[in-house]
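Peer 1: Below are the structure tokens for one structure; questions will follow.
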There are 2 protein chains.
Amino acid sequence: MSPSSRNRPPKRPPAAPASPTAGSAKAPAGGRRHPGRPGGDADRRSLALDAALACYVRRGIAATTLRDIAGEAGVTPALLHYYFHDAAGLRDAVIAERLMPVFVEVRETLLGMDDAGLGEVLAAFVDRICALVARHAWLPALWIREVVSEGGSLRDLLVTRLAPEIAAVMAARFAAEQAAGRLNPALDPRLLMVSLVGLTLFPAAGTPIWRALFDADDLGIEDIRRHALALLERGLELPA
Amino acid sequence: MSPSSRNRPPKRPPAAPASPTAGSAKAPAGGRRHPGRPGGDADRRSLALDAALACYVRRGIAATTLRDIAGEAGVTPALLHYYFHDAAGLRDAVIAERLMPVFVEVRETLLGMDDAGLGEVLAAFVDRICALVARHAWLPALWIREVVSEGGSLRDLLVTRLAPEIAAVMAARFAAEQAAGRLNPALDPRLLMVSLVGLTLFPAAGTPIWRALFDADDLGIEDIRRHALALLERGLELPA
């Protein structure tokens, strides 16, 4: 803890946590460490996670310090230190409490609709992604910066832990549907999930660009949703 | 020209600075030497531009220093200072000599095929983007980092100078084709160019991700091209 942060100790949390919870900070941050703490903690903690996401989107996870996030949240670095130990602990908490719930929703949509036809599943995926974007403004920008960009801090998490099961199951299903004559046989089964993302999350990430280009402040996620479904359903429908 | 070109340093490179450089081993694949000018100015300059692109992709334009690029190119910072004055001058040269030619090709494809039908133009666009990606490995990653990512250094250039004409002309053409019954009327004319990019440049940028996910080292731009054309032409072709 820096000398300056001792000058203004946070109100509630005791100065205690100089205690090396260091070990536990490394643990995936699902663990709740303050049962029975007076109300307000949860709020401040949640505020800090939101502030972290804002900073991540603006300057990237790797370049964001605990101090940046404290400034964004309007709290002292000491408070964040108390809750999350350090920048890595806070990042882990954001992953566990903000990103994972989003991912679980996507996963459930794709793998949880056992009895649904492929068209229904894919439409549900488009709808779900767009609903998530509407709910979490940070989602597309964070995904572009930290997954799609080279060197992104979340790419490894996605590629090695989160996405492999979905990718394998969906590609196998696409191939099976093609074999059964129920899906355009000229598509690449591996690239179809990629296309669904390229027609939803990617245009969502570029929304400020398209709005400026078309001078259309109202261009938004609902337009993206309808357009994606229309293109997926029938393609361009050009004259033969 | 750039403000940075004002303070022109001496006319000759500083005594070919300790140059272990220009010559040999470091030259990137594809760099062609100019006949009759072994290790000449043009070669070294070109090498520096390629090195800059590699650095930009890896760490971003804003975070890249002249020293980074000198290290990547295997030349002294003094040589780069001689050619480009400073990091901003080098960036301007990369834009003028590497990015603009790419953009001009794209523009010509979209706006230069006066007599072609829409289908022909869009297929040519997909082909052209994929050919550019095959030729310039840096293109998709740089575009993601510096245009699509929030705060990207090239977003403003694209939004205010390069893309507006193309965006307006193409959106108007799409709307006209819809009115004439020659294009799927459920598509959003503003989002169709976005979709074309989302089905080409975006999947190209994510190639390392898809390759890892599908354990498919051969998954490449030609797969992306064929898949995009198939999806655009007919959509998913799901059973009614």
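Labels used: A, B, ... for chains in the order of the structure tokens, numbers from 1 for residues in each chain, and numbers from 1 for ligands as shown.
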With all Cα atoms paired residue by residue, do a least-squares superposition of chain A on chain B and hand back the transformed coordinates as a PDB file with C-alpha atoms, in the first residue's frame.
Peer 2:
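Okay, out_30.pdb is ready:
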ATOM      1  CA  MET A   1      19.588  11.774 -33.616  1.00  0.00           C
ATOM      2  CA  SER A   2      20.557  10.187 -30.360  1.00  0.00           C
ATOM      3  CA  PRO A   3      24.215   9.943 -29.368  1.00  0.00           C
ATOM      4  CA  SER A   4      24.040   6.183 -29.261  1.00  0.00           C
ATOM      5  CA  SER A   5      22.816   5.937 -32.787  1.00  0.00           C
ATOM      6  CA  ARG A   6      25.888   7.802 -33.980  1.00  0.00           C
ATOM      7  CA  ASN A   7      28.088   5.044 -32.712  1.00  0.00           C
ATOM      8  CA  ARG A   8      26.886   2.621 -35.315  1.00  0.00           C
ATOM      9  CA  PRO A   9      26.202   4.473 -38.502  1.00  0.00           C
ATOM     10  CA  PRO A  10      24.460   2.521 -41.193  1.00  0.00           C
ATOM     11  CA  LYS A  11      26.722   1.153 -43.850  1.00  0.00           C
ATOM     12  CA  ARG A  12      25.426   2.694 -47.004  1.00  0.00           C
ATOM     13  CA  PRO A  13      23.311   5.686 -46.290  1.00  0.00           C
ATOM     14  CA  PRO A  14      25.585   8.608 -45.556  1.00  0.00           C
ATOM     15  CA  ALA A  15      25.350  10.206 -42.183  1.00  0.00           C
ATOM     16  CA  ALA A  16      24.115  13.216 -44.059  1.00  0.00           C
ATOM     17  CA  PRO A  17      20.390  12.949 -43.439  1.00  0.00           C
ATOM     18  CA  ALA A  18      20.661  14.877 -40.240  1.00  0.00           C
ATOM     19  CA  SER A  19      19.447  17.335 -42.812  1.00  0.00           C
ATOM     20  CA  PRO A  20      15.936  18.228 -41.876  1.00  0.00           C
ATOM     21  CA  THR A  21      14.077  16.372 -44.485  1.00  0.00           C
ATOM     22  CA  ALA A  22      11.651  16.994 -41.691  1.00  0.00           C
ATOM     23  CA  GLY A  23       9.422  18.897 -44.007  1.00  0.00           C
ATOM     24  CA  SER A  24       9.297  16.159 -46.554  1.00  0.00           C
ATOM     25  CA  ALA A  25       8.735  13.532 -43.917  1.00  0.00           C
ATOM     26  CA  LYS A  26       5.341  15.043 -43.365  1.00  0.00           C
ATOM     27  CA  ALA A  27       4.503  14.813 -47.015  1.00  0.00           C
ATOM     28  CA  PRO A  28       2.644  11.674 -47.967  1.00  0.00           C
ATOM     29  CA  ALA A  29       5.418   9.207 -48.267  1.00  0.00           C
ATOM     30  CA  GLY A  30       5.014   8.286 -51.881  1.00  0.00           C
ATOM     31  CA  GLY A  31       8.023  10.371 -52.809  1.00  0.00           C
ATOM     32  CA  ARG A  32      11.120   8.401 -53.662  1.00  0.00           C
ATOM     33  CA  ARG A  33      14.095  10.189 -52.396  1.00  0.00           C
ATOM     34  CA  HIS A  34      16.989   8.011 -53.422  1.00  0.00           C
ATOM     35  CA  PRO A  35      17.302   7.607 -57.148  1.00  0.00           C
ATOM     36  CA  GLY A  36      20.441   5.819 -58.174  1.00  0.00           C
ATOM     37  CA  ARG A  37      21.199   4.474 -54.756  1.00  0.00           C
ATOM     38  CA  PRO A  38      22.946   1.135 -54.909  1.00  0.00           C
ATOM     39  CA  GLY A  39      20.819  -1.991 -54.790  1.00  0.00           C
ATOM     40  CA  GLY A  40      19.855  -3.223 -51.353  1.00  0.00           C
ATOM     41  CA  ASP A  41      18.246   0.034 -50.310  1.00  0.00           C
ATOM     42  CA  ALA A  42      14.920  -0.951 -51.760  1.00  0.00           C
ATOM     43  CA  ASP A  43      15.125  -4.281 -49.996  1.00  0.00           C
ATOM     44  CA  ARG A  44      15.966  -2.753 -46.666  1.00  0.00           C
ATOM     45  CA  ARG A  45      13.287  -0.154 -47.054  1.00  0.00           C
ATOM     46  CA  SER A  46      10.725  -2.820 -47.851  1.00  0.00           C
ATOM     47  CA  LEU A  47      11.899  -4.877 -44.900  1.00  0.00           C
ATOM     48  CA  ALA A  48      11.389  -1.883 -42.657  1.00  0.00           C
ATOM     49  CA  LEU A  49       7.830  -1.407 -43.876  1.00  0.00           C
ATOM     50  CA  ASP A  50       7.048  -5.059 -43.173  1.00  0.00           C
ATOM     51  CA  ALA A  51       8.616  -4.774 -39.738  1.00  0.00           C
ATOM     52  CA  ALA A  52       6.527  -1.696 -39.038  1.00  0.00           C
ATOM     53  CA  LEU A  53       3.346  -3.575 -39.929  1.00  0.00           C
ATOM     54  CA  ALA A  54       4.303  -6.404 -37.577  1.00  0.00           C
ATOM     55  CA  CYS A  55       4.840  -3.914 -34.757  1.00  0.00           C
ATOM     56  CA  TYR A  56       1.614  -2.052 -35.522  1.00  0.00           C
ATOM     57  CA  VAL A  57      -0.371  -5.260 -35.333  1.00  0.00           C
ATOM     58  CA  ARG A  58       1.270  -6.274 -32.079  1.00  0.00           C
ATOM     59  CA  ARG A  59       1.159  -3.054 -30.110  1.00  0.00           C
ATOM     60  CA  GLY A  60      -0.677  -0.449 -32.143  1.00  0.00           C
ATOM     61  CA  ILE A  61       0.573   2.384 -34.324  1.00  0.00           C
ATOM     62  CA  ALA A  62       0.533   5.027 -31.603  1.00  0.00           C
ATOM     63  CA  ALA A  63       2.626   2.941 -29.224  1.00  0.00           C
ATOM     64  CA  THR A  64       5.202   1.844 -31.805  1.00  0.00           C
ATOM     65  CA  THR A  65       8.528   3.671 -31.824  1.00  0.00           C
ATOM     66  CA  LEU A  66      11.167   3.850 -34.519  1.00  0.00           C
ATOM     67  CA  ARG A  67      13.347   1.830 -32.176  1.00  0.00           C
ATOM     68  CA  ASP A  68      10.733  -0.949 -31.928  1.00  0.00           C
ATOM     69  CA  ILE A  69      10.646  -1.200 -35.686  1.00  0.00           C
ATOM     70  CA  ALA A  70      14.434  -1.155 -35.977  1.00  0.00           C
ATOM     71  CA  GLY A  71      14.565  -4.043 -33.516  1.00  0.00           C
ATOM     72  CA  GLU A  72      11.942  -5.968 -35.451  1.00  0.00           C
ATOM     73  CA  ALA A  73      13.719  -5.339 -38.757  1.00  0.00           C
ATOM     74  CA  GLY A  74      17.177  -6.024 -37.360  1.00  0.00           C
ATOM     75  CA  VAL A  75      18.531  -2.662 -38.479  1.00  0.00           C
ATOM     76  CA  THR A  76      19.734   0.395 -36.607  1.00  0.00           C
ATOM     77  CA  PRO A  77      17.359   3.209 -35.712  1.00  0.00           C
ATOM     78  CA  ALA A  78      19.760   5.450 -37.630  1.00  0.00           C
ATOM     79  CA  LEU A  79      18.969   3.620 -40.823  1.00  0.00           C
ATOM     80  CA  LEU A  80      15.245   4.082 -40.331  1.00  0.00           C
ATOM     81  CA  HIS A  81      15.868   7.696 -39.513  1.00  0.00           C
ATOM     82  CA  TYR A  82      17.693   8.023 -42.793  1.00  0.00           C
ATOM     83  CA  TYR A  83      14.898   6.476 -44.813  1.00  0.00           C
ATOM     84  CA  PHE A  84      11.839   7.827 -43.025  1.00  0.00           C
ATOM     85  CA  HIS A  85      13.019  10.611 -40.724  1.00  0.00           C
ATOM     86  CA  ASP A  86      10.810   9.604 -37.810  1.00  0.00           C
ATOM     87  CA  ALA A  87       8.012   7.313 -36.679  1.00  0.00           C
ATOM     88  CA  ALA A  88       5.405   9.498 -38.373  1.00  0.00           C
ATOM     89  CA  GLY A  89       7.332   9.424 -41.651  1.00  0.00           C
ATOM     90  CA  LEU A  90       7.547   5.666 -41.466  1.00  0.00           C
ATOM     91  CA  ARG A  91       3.861   5.377 -40.722  1.00  0.00           C
ATOM     92  CA  ASP A  92       3.087   7.571 -43.736  1.00  0.00           C
ATOM     93  CA  ALA A  93       5.266   5.358 -45.900  1.00  0.00           C
ATOM     94  CA  VAL A  94       3.451   2.255 -44.672  1.00  0.00           C
ATOM     95  CA  ILE A  95       0.139   3.879 -45.497  1.00  0.00           C
ATOM     96  CA  ALA A  96       1.267   4.956 -48.962  1.00  0.00           C
ATOM     97  CA  GLU A  97       3.120   1.808 -49.942  1.00  0.00           C
ATOM     98  CA  ARG A  98       1.314  -0.981 -48.112  1.00  0.00           C
ATOM     99  CA  LEU A  99      -2.205   0.104 -47.221  1.00  0.00           C
ATOM    100  CA  MET A 100      -3.115   2.216 -50.222  1.00  0.00           C
ATOM    101  CA  PRO A 101      -2.408  -0.522 -52.780  1.00  0.00           C
ATOM    102  CA  VAL A 102      -4.748  -2.801 -50.831  1.00  0.00           C
ATOM    103  CA  PHE A 103      -7.404  -0.144 -50.741  1.00  0.00           C
ATOM    104  CA  VAL A 104      -7.041   0.539 -54.458  1.00  0.00           C
ATOM    105  CA  GLU A 105      -7.667  -3.135 -55.205  1.00  0.00           C
ATOM    106  CA  VAL A 106     -10.829  -3.115 -53.105  1.00  0.00           C
ATOM    107  CA  ARG A 107     -12.028   0.075 -54.724  1.00  0.00           C
ATOM    108  CA  GLU A 108     -11.417  -1.245 -58.221  1.00  0.00           C
ATOM    109  CA  THR A 109     -13.381  -4.374 -57.409  1.00  0.00           C
ATOM    110  CA  LEU A 110     -16.396  -2.458 -56.192  1.00  0.00           C
ATOM    111  CA  LEU A 111     -16.431   0.513 -58.538  1.00  0.00           C
ATOM    112  CA  GLY A 112     -14.570  -0.794 -61.553  1.00  0.00           C
ATOM    113  CA  MET A 113     -16.905  -3.546 -62.739  1.00  0.00           C
ATOM    114  CA  ASP A 114     -19.193  -1.343 -64.740  1.00  0.00           C
ATOM    115  CA  ASP A 115     -21.029  -3.972 -66.693  1.00  0.00           C
ATOM    116  CA  ALA A 116     -21.319  -6.586 -64.006  1.00  0.00           C
ATOM    117  CA  GLY A 117     -24.485  -7.482 -62.146  1.00  0.00           C
ATOM    118  CA  LEU A 118     -24.659  -6.852 -58.428  1.00  0.00           C
ATOM    119  CA  GLY A 119     -24.233 -10.507 -57.541  1.00  0.00           C
ATOM    120  CA  GLU A 120     -21.068 -10.673 -59.567  1.00  0.00           C
ATOM    121  CA  VAL A 121     -19.667  -7.533 -57.960  1.00  0.00           C
ATOM    122  CA  LEU A 122     -20.410  -8.696 -54.421  1.00  0.00           C
ATOM    123  CA  ALA A 123     -18.957 -12.142 -55.025  1.00  0.00           C
ATOM    124  CA  ALA A 124     -15.876 -10.482 -56.496  1.00  0.00           C
ATOM    125  CA  PHE A 125     -15.629  -8.319 -53.382  1.00  0.00           C
ATOM    126  CA  VAL A 126     -15.748 -11.348 -51.083  1.00  0.00           C
ATOM    127  CA  ASP A 127     -13.165 -13.123 -53.226  1.00  0.00           C
ATOM    128  CA  ARG A 128     -10.910 -10.082 -53.336  1.00  0.00           C
ATOM    129  CA  ILE A 129     -10.989  -9.412 -49.602  1.00  0.00           C
ATOM    130  CA  CYS A 130     -10.200 -13.043 -48.898  1.00  0.00           C
ATOM    131  CA  ALA A 131      -7.367 -13.042 -51.440  1.00  0.00           C
ATOM    132  CA  LEU A 132      -5.953  -9.905 -49.830  1.00  0.00           C
ATOM    133  CA  VAL A 133      -6.115 -11.522 -46.404  1.00  0.00           C
ATOM    134  CA  ALA A 134      -4.324 -14.582 -47.755  1.00  0.00           C
ATOM    135  CA  ARG A 135      -1.614 -12.336 -49.192  1.00  0.00           C
ATOM    136  CA  HIS A 136      -1.301  -9.872 -46.303  1.00  0.00           C
ATOM    137  CA  ALA A 137      -1.564 -11.575 -42.941  1.00  0.00           C
ATOM    138  CA  TRP A 138      -1.396  -8.206 -41.183  1.00  0.00           C
ATOM    139  CA  LEU A 139      -4.503  -6.820 -42.849  1.00  0.00           C
ATOM    140  CA  PRO A 140      -7.363  -8.040 -40.609  1.00  0.00           C
ATOM    141  CA  ALA A 141      -5.549  -7.440 -37.332  1.00  0.00           C
ATOM    142  CA  LEU A 142      -4.391  -3.962 -38.317  1.00  0.00           C
ATOM    143  CA  TRP A 143      -7.875  -3.053 -39.469  1.00  0.00           C
ATOM    144  CA  ILE A 144      -9.420  -4.215 -36.192  1.00  0.00           C
ATOM    145  CA  ARG A 145      -6.903  -2.351 -34.065  1.00  0.00           C
ATOM    146  CA  GLU A 146      -6.540   0.875 -36.010  1.00  0.00           C
ATOM    147  CA  VAL A 147      -9.914   1.350 -37.687  1.00  0.00           C
ATOM    148  CA  VAL A 148     -12.608  -0.512 -35.779  1.00  0.00           C
ATOM    149  CA  SER A 149     -11.195   0.081 -32.286  1.00  0.00           C
ATOM    150  CA  GLU A 150     -12.088   3.411 -30.746  1.00  0.00           C
ATOM    151  CA  GLY A 151      -9.205   5.825 -31.033  1.00  0.00           C
ATOM    152  CA  GLY A 152      -7.612   3.805 -33.842  1.00  0.00           C
ATOM    153  CA  SER A 153      -4.973   5.732 -35.772  1.00  0.00           C
ATOM    154  CA  LEU A 154      -6.404   4.932 -39.195  1.00  0.00           C
ATOM    155  CA  ARG A 155     -10.084   5.413 -38.502  1.00  0.00           C
ATOM    156  CA  ASP A 156     -10.076   9.035 -39.556  1.00  0.00           C
ATOM    157  CA  LEU A 157      -8.230   8.280 -42.788  1.00  0.00           C
ATOM    158  CA  LEU A 158     -10.821   5.679 -43.680  1.00  0.00           C
ATOM    159  CA  VAL A 159     -13.869   7.636 -42.651  1.00  0.00           C
ATOM    160  CA  THR A 160     -12.950  10.991 -44.136  1.00  0.00           C
ATOM    161  CA  ARG A 161     -10.861  10.099 -47.179  1.00  0.00           C
ATOM    162  CA  LEU A 162     -10.978   6.524 -48.341  1.00  0.00           C
ATOM    163  CA  ALA A 163     -14.401   5.058 -47.731  1.00  0.00           C
ATOM    164  CA  PRO A 164     -16.957   7.822 -48.357  1.00  0.00           C
ATOM    165  CA  GLU A 165     -17.083   7.457 -52.132  1.00  0.00           C
ATOM    166  CA  ILE A 166     -17.388   3.679 -52.019  1.00  0.00           C
ATOM    167  CA  ALA A 167     -19.995   3.852 -49.276  1.00  0.00           C
ATOM    168  CA  ALA A 168     -22.149   6.358 -51.138  1.00  0.00           C
ATOM    169  CA  VAL A 169     -21.918   4.651 -54.524  1.00  0.00           C
ATOM    170  CA  MET A 170     -22.640   1.196 -53.149  1.00  0.00           C
ATOM    171  CA  ALA A 171     -25.527   2.276 -50.919  1.00  0.00           C
ATOM    172  CA  ALA A 172     -27.101   4.051 -53.875  1.00  0.00           C
ATOM    173  CA  ARG A 173     -26.684   0.979 -56.041  1.00  0.00           C
ATOM    174  CA  PHE A 174     -28.203  -1.275 -53.374  1.00  0.00           C
ATOM    175  CA  ALA A 175     -31.186   1.028 -53.059  1.00  0.00           C
ATOM    176  CA  ALA A 176     -31.616   1.085 -56.835  1.00  0.00           C
ATOM    177  CA  GLU A 177     -31.460  -2.706 -57.050  1.00  0.00           C
ATOM    178  CA  GLN A 178     -34.055  -2.971 -54.305  1.00  0.00           C
ATOM    179  CA  ALA A 179     -36.301  -0.542 -56.146  1.00  0.00           C
ATOM    180  CA  ALA A 180     -35.946  -2.704 -59.248  1.00  0.00           C
ATOM    181  CA  GLY A 181     -36.857  -5.843 -57.293  1.00  0.00           C
ATOM    182  CA  ARG A 182     -33.424  -7.384 -57.699  1.00  0.00           C
ATOM    183  CA  LEU A 183     -32.288  -7.338 -54.050  1.00  0.00           C
ATOM    184  CA  ASN A 184     -33.922  -8.437 -50.791  1.00  0.00           C
ATOM    185  CA  PRO A 185     -36.018  -5.374 -49.932  1.00  0.00           C
ATOM    186  CA  ALA A 186     -35.780  -5.948 -46.181  1.00  0.00           C
ATOM    187  CA  LEU A 187     -32.032  -5.235 -46.152  1.00  0.00           C
ATOM    188  CA  ASP A 188     -30.700  -1.829 -45.123  1.00  0.00           C
ATOM    189  CA  PRO A 189     -28.750  -0.505 -48.134  1.00  0.00           C
ATOM    190  CA  ARG A 190     -26.331   1.278 -45.803  1.00  0.00           C
ATOM    191  CA  LEU A 191     -25.579  -1.821 -43.797  1.00  0.00           C
ATOM    192  CA  LEU A 192     -25.010  -4.236 -46.659  1.00  0.00           C
ATOM    193  CA  MET A 193     -21.386  -3.235 -47.229  1.00  0.00           C
ATOM    194  CA  VAL A 194     -20.939  -3.486 -43.470  1.00  0.00           C
ATOM    195  CA  SER A 195     -22.290  -7.030 -43.582  1.00  0.00           C
ATOM    196  CA  LEU A 196     -19.900  -8.010 -46.348  1.00  0.00           C
ATOM    197  CA  VAL A 197     -17.020  -6.827 -44.211  1.00  0.00           C
ATOM    198  CA  GLY A 198     -18.503  -8.487 -41.127  1.00  0.00           C
ATOM    199  CA  LEU A 199     -18.568 -11.791 -43.019  1.00  0.00           C
ATOM    200  CA  THR A 200     -15.006 -11.578 -44.363  1.00  0.00           C
ATOM    201  CA  LEU A 201     -12.530  -9.247 -42.695  1.00  0.00           C
ATOM    202  CA  PHE A 202     -14.058  -9.664 -39.241  1.00  0.00           C
ATOM    203  CA  PRO A 203     -13.959 -13.480 -39.172  1.00  0.00           C
ATOM    204  CA  ALA A 204     -10.479 -13.325 -40.674  1.00  0.00           C
ATOM    205  CA  ALA A 205      -9.363 -11.140 -37.773  1.00  0.00           C
ATOM    206  CA  GLY A 206     -10.763 -13.633 -35.296  1.00  0.00           C
ATOM    207  CA  THR A 207      -9.206 -16.693 -36.922  1.00  0.00           C
ATOM    208  CA  PRO A 208      -6.908 -17.456 -33.942  1.00  0.00           C
ATOM    209  CA  ILE A 209     -10.019 -17.405 -31.738  1.00  0.00           C
ATOM    210  CA  TRP A 210     -12.109 -19.741 -33.885  1.00  0.00           C
ATOM    211  CA  ARG A 211      -9.194 -22.099 -34.365  1.00  0.00           C
ATOM    212  CA  ALA A 212      -8.752 -22.380 -30.618  1.00  0.00           C
ATOM    213  CA  LEU A 213     -12.475 -22.710 -29.954  1.00  0.00           C
ATOM    214  CA  PHE A 214     -13.011 -25.448 -32.504  1.00  0.00           C
ATOM    215  CA  ASP A 215      -9.598 -27.024 -32.120  1.00  0.00           C
ATOM    216  CA  ALA A 216      -9.290 -26.642 -35.879  1.00  0.00           C
ATOM    217  CA  ASP A 217      -5.936 -25.405 -37.036  1.00  0.00           C
ATOM    218  CA  ASP A 218      -7.002 -25.714 -40.631  1.00  0.00           C
ATOM    219  CA  LEU A 219      -9.929 -23.311 -40.311  1.00  0.00           C
ATOM    220  CA  GLY A 220      -8.911 -20.525 -42.639  1.00  0.00           C
ATOM    221  CA  ILE A 221      -9.751 -17.843 -45.126  1.00  0.00           C
ATOM    222  CA  GLU A 222     -11.011 -20.268 -47.771  1.00  0.00           C
ATOM    223  CA  ASP A 223     -13.594 -21.606 -45.309  1.00  0.00           C
ATOM    224  CA  ILE A 224     -14.565 -18.047 -44.496  1.00  0.00           C
ATOM    225  CA  ARG A 225     -14.935 -17.217 -48.185  1.00  0.00           C
ATOM    226  CA  ARG A 226     -17.157 -20.175 -49.019  1.00  0.00           C
ATOM    227  CA  HIS A 227     -19.290 -19.717 -45.929  1.00  0.00           C
ATOM    228  CA  ALA A 228     -19.813 -16.003 -46.584  1.00  0.00           C
ATOM    229  CA  LEU A 229     -20.886 -16.624 -50.172  1.00  0.00           C
ATOM    230  CA  ALA A 230     -23.271 -19.372 -49.076  1.00  0.00           C
ATOM    231  CA  LEU A 231     -24.886 -17.191 -46.445  1.00  0.00           C
ATOM    232  CA  LEU A 232     -25.167 -14.196 -48.737  1.00  0.00           C
ATOM    233  CA  GLU A 233     -26.650 -16.217 -51.533  1.00  0.00           C
ATOM    234  CA  ARG A 234     -29.418 -17.972 -49.715  1.00  0.00           C
ATOM    235  CA  GLY A 235     -29.347 -17.175 -46.017  1.00  0.00           C
ATOM    236  CA  LEU A 236     -29.954 -19.916 -43.472  1.00  0.00           C
ATOM    237  CA  GLU A 237     -32.639 -21.702 -45.506  1.00  0.00           C
ATOM    238  CA  LEU A 238     -34.553 -22.606 -42.391  1.00  0.00           C
ATOM    239  CA  PRO A 239     -37.793 -24.527 -42.766  1.00  0.00           C
ATOM    240  CA  ALA A 240     -40.772 -22.247 -43.175  1.00  0.00           C
TER     241      ALA A 240
END
Peer 1: Enumerate, as a PyMOL selection string, the complete set of residues in segment 31-211 of chain A that a backbone-based DSSP assignment places in helix (DSSP H, G or I).
Peer 2: chain A and resi 41-59+66-73+77-84+87-111+118-135+138-148+155-179+189-198+201-205+207-211
